[in-house]
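To start, the structure itself, in structure tokens.
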Amino acid sequence: MTTYQLSPASLDDCLEISRCFQDKVSITEWGGEGFVFPVQQQQFLLQLHRPQTRCFVLKNESVAVGFGQICQRFGKHHLARLLVLPAARGQKLSYGLILSLIFEALQLNLKLDFSLFVFRHNTIAIHCYQQLGFQISKQPGPEHPGLYFMQLSYAKAIRLLENANWQFYYHAELMHCQHKDNTYANLD
């Protein structure tokens with residue numbers, strides 16, 4: 001059984017992530033406004049490391065397979081800039097990445113719900129989030145017509161972790177996860 005580790009992303013991890021983007025559209029859809037292409041390393045790192053935002057990398061041994069951020073927005077644990085690296089897609093890792101981030105966030109505050117934004121045309125991601133229990137909700141603030149705002153209650157998040165086909169544990173101060181079966185094989 002393969003074990004993955006979720007750990008705080010180093011600057012090198014973040015720069016590795018920056019190489020996944022081949023054009024302005026892909027980096028903007030992932031990161032939002034303010035990211036430029038071609039990637040300028042210093043600017044990329046400044047955009048990525050906003051105050052009160054924690055960056056994480058999911059690794060298989062020493063190879064990065066996913067990336068995501070946790071911050072507090074809208075009074076919730078907000079998941080942002082979720083990415084399964086292209087070489088790792090099709091291996092059920094979207095589910096593992098998101099559950100790992102939820103597990104990590106709940107260590108900080110058990111009583112906050114979860115939220116995220118997703119582009120309306122990203123049907124694969126929407127399907128994945130809905131499989132996890134996220135529901136499309138009214139956007140806070142001015143509505144962006146190209147995005148859905150999705151939420152998951154903390155109670156559902158806890159039940160999701162308890163019933164997940166992934167096992168989570170801490171070892172050597174790193175969060176580890178292992179997939180138990182192939183139920184979510186189609187989520188990437």
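Order determines the names: the first chain of the structure tokens is A, the second B, and so forth; residues in each chain are numbered 1 upward, and ligands are numbered 1 upward as they are shown.
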| query | Tell me, which residues of range 5-158 of chain A carry DSSP strand (DSSP E), written as an MDAnalysis selection string? | reply | chainID A and resid 5:8 53:60 63:73 76:84 114:119 135:137 147:152
Could you give me, as a Markdown table, a per-residue list for range 46-85 of chain A showing, wherever an atom lies at most 9 Å from an atom of range 17-33 of chain A, the closest pair of atoms and their distance in Å to one decimal, using only C-alpha atoms and sorting by chain then residue number from low to high?
| residue | atom | partner | partner_atom | distance |
| --- | --- | --- | --- | --- |
| A:Gln47 | CA | A:Gly31 | CA | 8.5 |
| A:Leu48 | CA | A:Gly31 | CA | 8.0 |
| A:Ala64 | CA | A:Ile17 | CA | 8.5 |
| A:Gly66 | CA | A:Ile17 | CA | 8.6 |
| A:Phe67 | CA | A:Ile17 | CA | 7.6 |
| A:Ala80 | CA | A:Gly31 | CA | 8.2 |
| A:Arg81 | CA | A:Trp30 | CA | 5.7 |
| A:Leu82 | CA | A:Trp30 | CA | 7.5 |
| A:Leu83 | CA | A:Trp30 | CA | 7.8 |
| A:Leu85 | CA | A:Cys20 | CA | 7.0 |
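Between CA of Cys128 in chain A and CA of Asn165 in chain A the separation is 14.3 Å.
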Please report, as a JSON list (two decimals) with N, CA and C atoms, in the first residue's frame, each residue of range 50-103 of chain A to which DSSP assigns alpha helix (DSSP H) when run on this structure's backbone.
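Final output, part_4.json:
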[["chain", "number", "residue", "atom", "x", "y", "z"],
["A", 93, "LEU", "N", -5.71, 10.63, -6.36],
["A", 93, "LEU", "CA", -5.05, 11.53, -5.42],
["A", 93, "LEU", "C", -5.82, 12.81, -5.13],
["A", 94, "SER", "N", -6.78, 13.20, -5.97],
["A", 94, "SER", "CA", -7.60, 14.38, -5.65],
["A", 94, "SER", "C", -8.29, 14.17, -4.31],
["A", 95, "TYR", "N", -8.88, 13.01, -4.18],
["A", 95, "TYR", "CA", -9.59, 12.67, -2.95],
["A", 95, "TYR", "C", -8.64, 12.68, -1.76],
["A", 96, "GLY", "N", -7.49, 12.01, -1.89],
["A", 96, "GLY", "CA", -6.51, 11.96, -0.81],
["A", 96, "GLY", "C", -5.97, 13.32, -0.43],
["A", 97, "LEU", "N", -5.71, 14.16, -1.44],
["A", 97, "LEU", "CA", -5.20, 15.51, -1.18],
["A", 97, "LEU", "C", -6.21, 16.32, -0.38],
["A", 98, "ILE", "N", -7.45, 16.33, -0.82],
["A", 98, "ILE", "CA", -8.47, 17.14, -0.14],
["A", 98, "ILE", "C", -8.73, 16.62, 1.26],
["A", 99, "LEU", "N", -8.86, 15.31, 1.42],
["A", 99, "LEU", "CA", -9.06, 14.75, 2.76],
["A", 99, "LEU", "C", -7.88, 15.05, 3.68],
["A", 100, "SER", "N", -6.68, 15.00, 3.14],
["A", 100, "SER", "CA", -5.49, 15.32, 3.95],
["A", 100, "SER", "C", -5.53, 16.77, 4.42],
["A", 101, "LEU", "N", -5.94, 17.67, 3.54],
["A", 101, "LEU", "CA", -6.05, 19.08, 3.92],
["A", 101, "LEU", "C", -7.15, 19.29, 4.96],
["A", 102, "ILE", "N", -8.27, 18.59, 4.79],
["A", 102, "ILE", "CA", -9.35, 18.67, 5.77],
["A", 102, "ILE", "C", -8.86, 18.16, 7.12],
["A", 103, "PHE", "N", -8.18, 17.02, 7.12],
["A", 103, "PHE", "CA", -7.63, 16.45, 8.35],
["A", 103, "PHE", "C", -6.69, 17.46, 9.03]]
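When only C-alpha atoms are used to compute distances to Met175 in chain A, the closest of the residues A:Asn109, A:Gln135, A:Ser10, A:Thr3 turns out to be A:Thr3.
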| Atom-to-atom span, CA of Gln5 in chain A and CA of Asn60 in chain A, Å | 6.6 Å
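As for CA of Asn163 in chain A and CA of His78 in chain A, they are spaced 21.8 Å apart.
Near Cys55 in chain A, within 9 Å and counting only C-alpha atoms, sit Ser7, Pro8, Ala9, Ser10, Cys14, Leu48, His49, Phe67, Gly68, Gln69, Ile70 and Cys71 of chain A, not including residues fewer than 3 positions from it in the same chain.
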| So which one's closest to Ser115 in chain A, A:Ala87, A:Lys156, A:Gln72, A:Leu147? Using only C-alpha atoms, please. | A:Gln72
| query | Which neighbours of Gly133 in chain A fall inside 9 Å, counting only C-alpha atoms, when residues of the same chain fewer than 4 positions from it are skipped, and could you give them as a list in words? | reply |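 Counting only C-alpha atoms, the residues come to Cys128, Tyr129, Gln151, Leu152, Ser153, Lys156, Ala157 and Leu160 of chain A.
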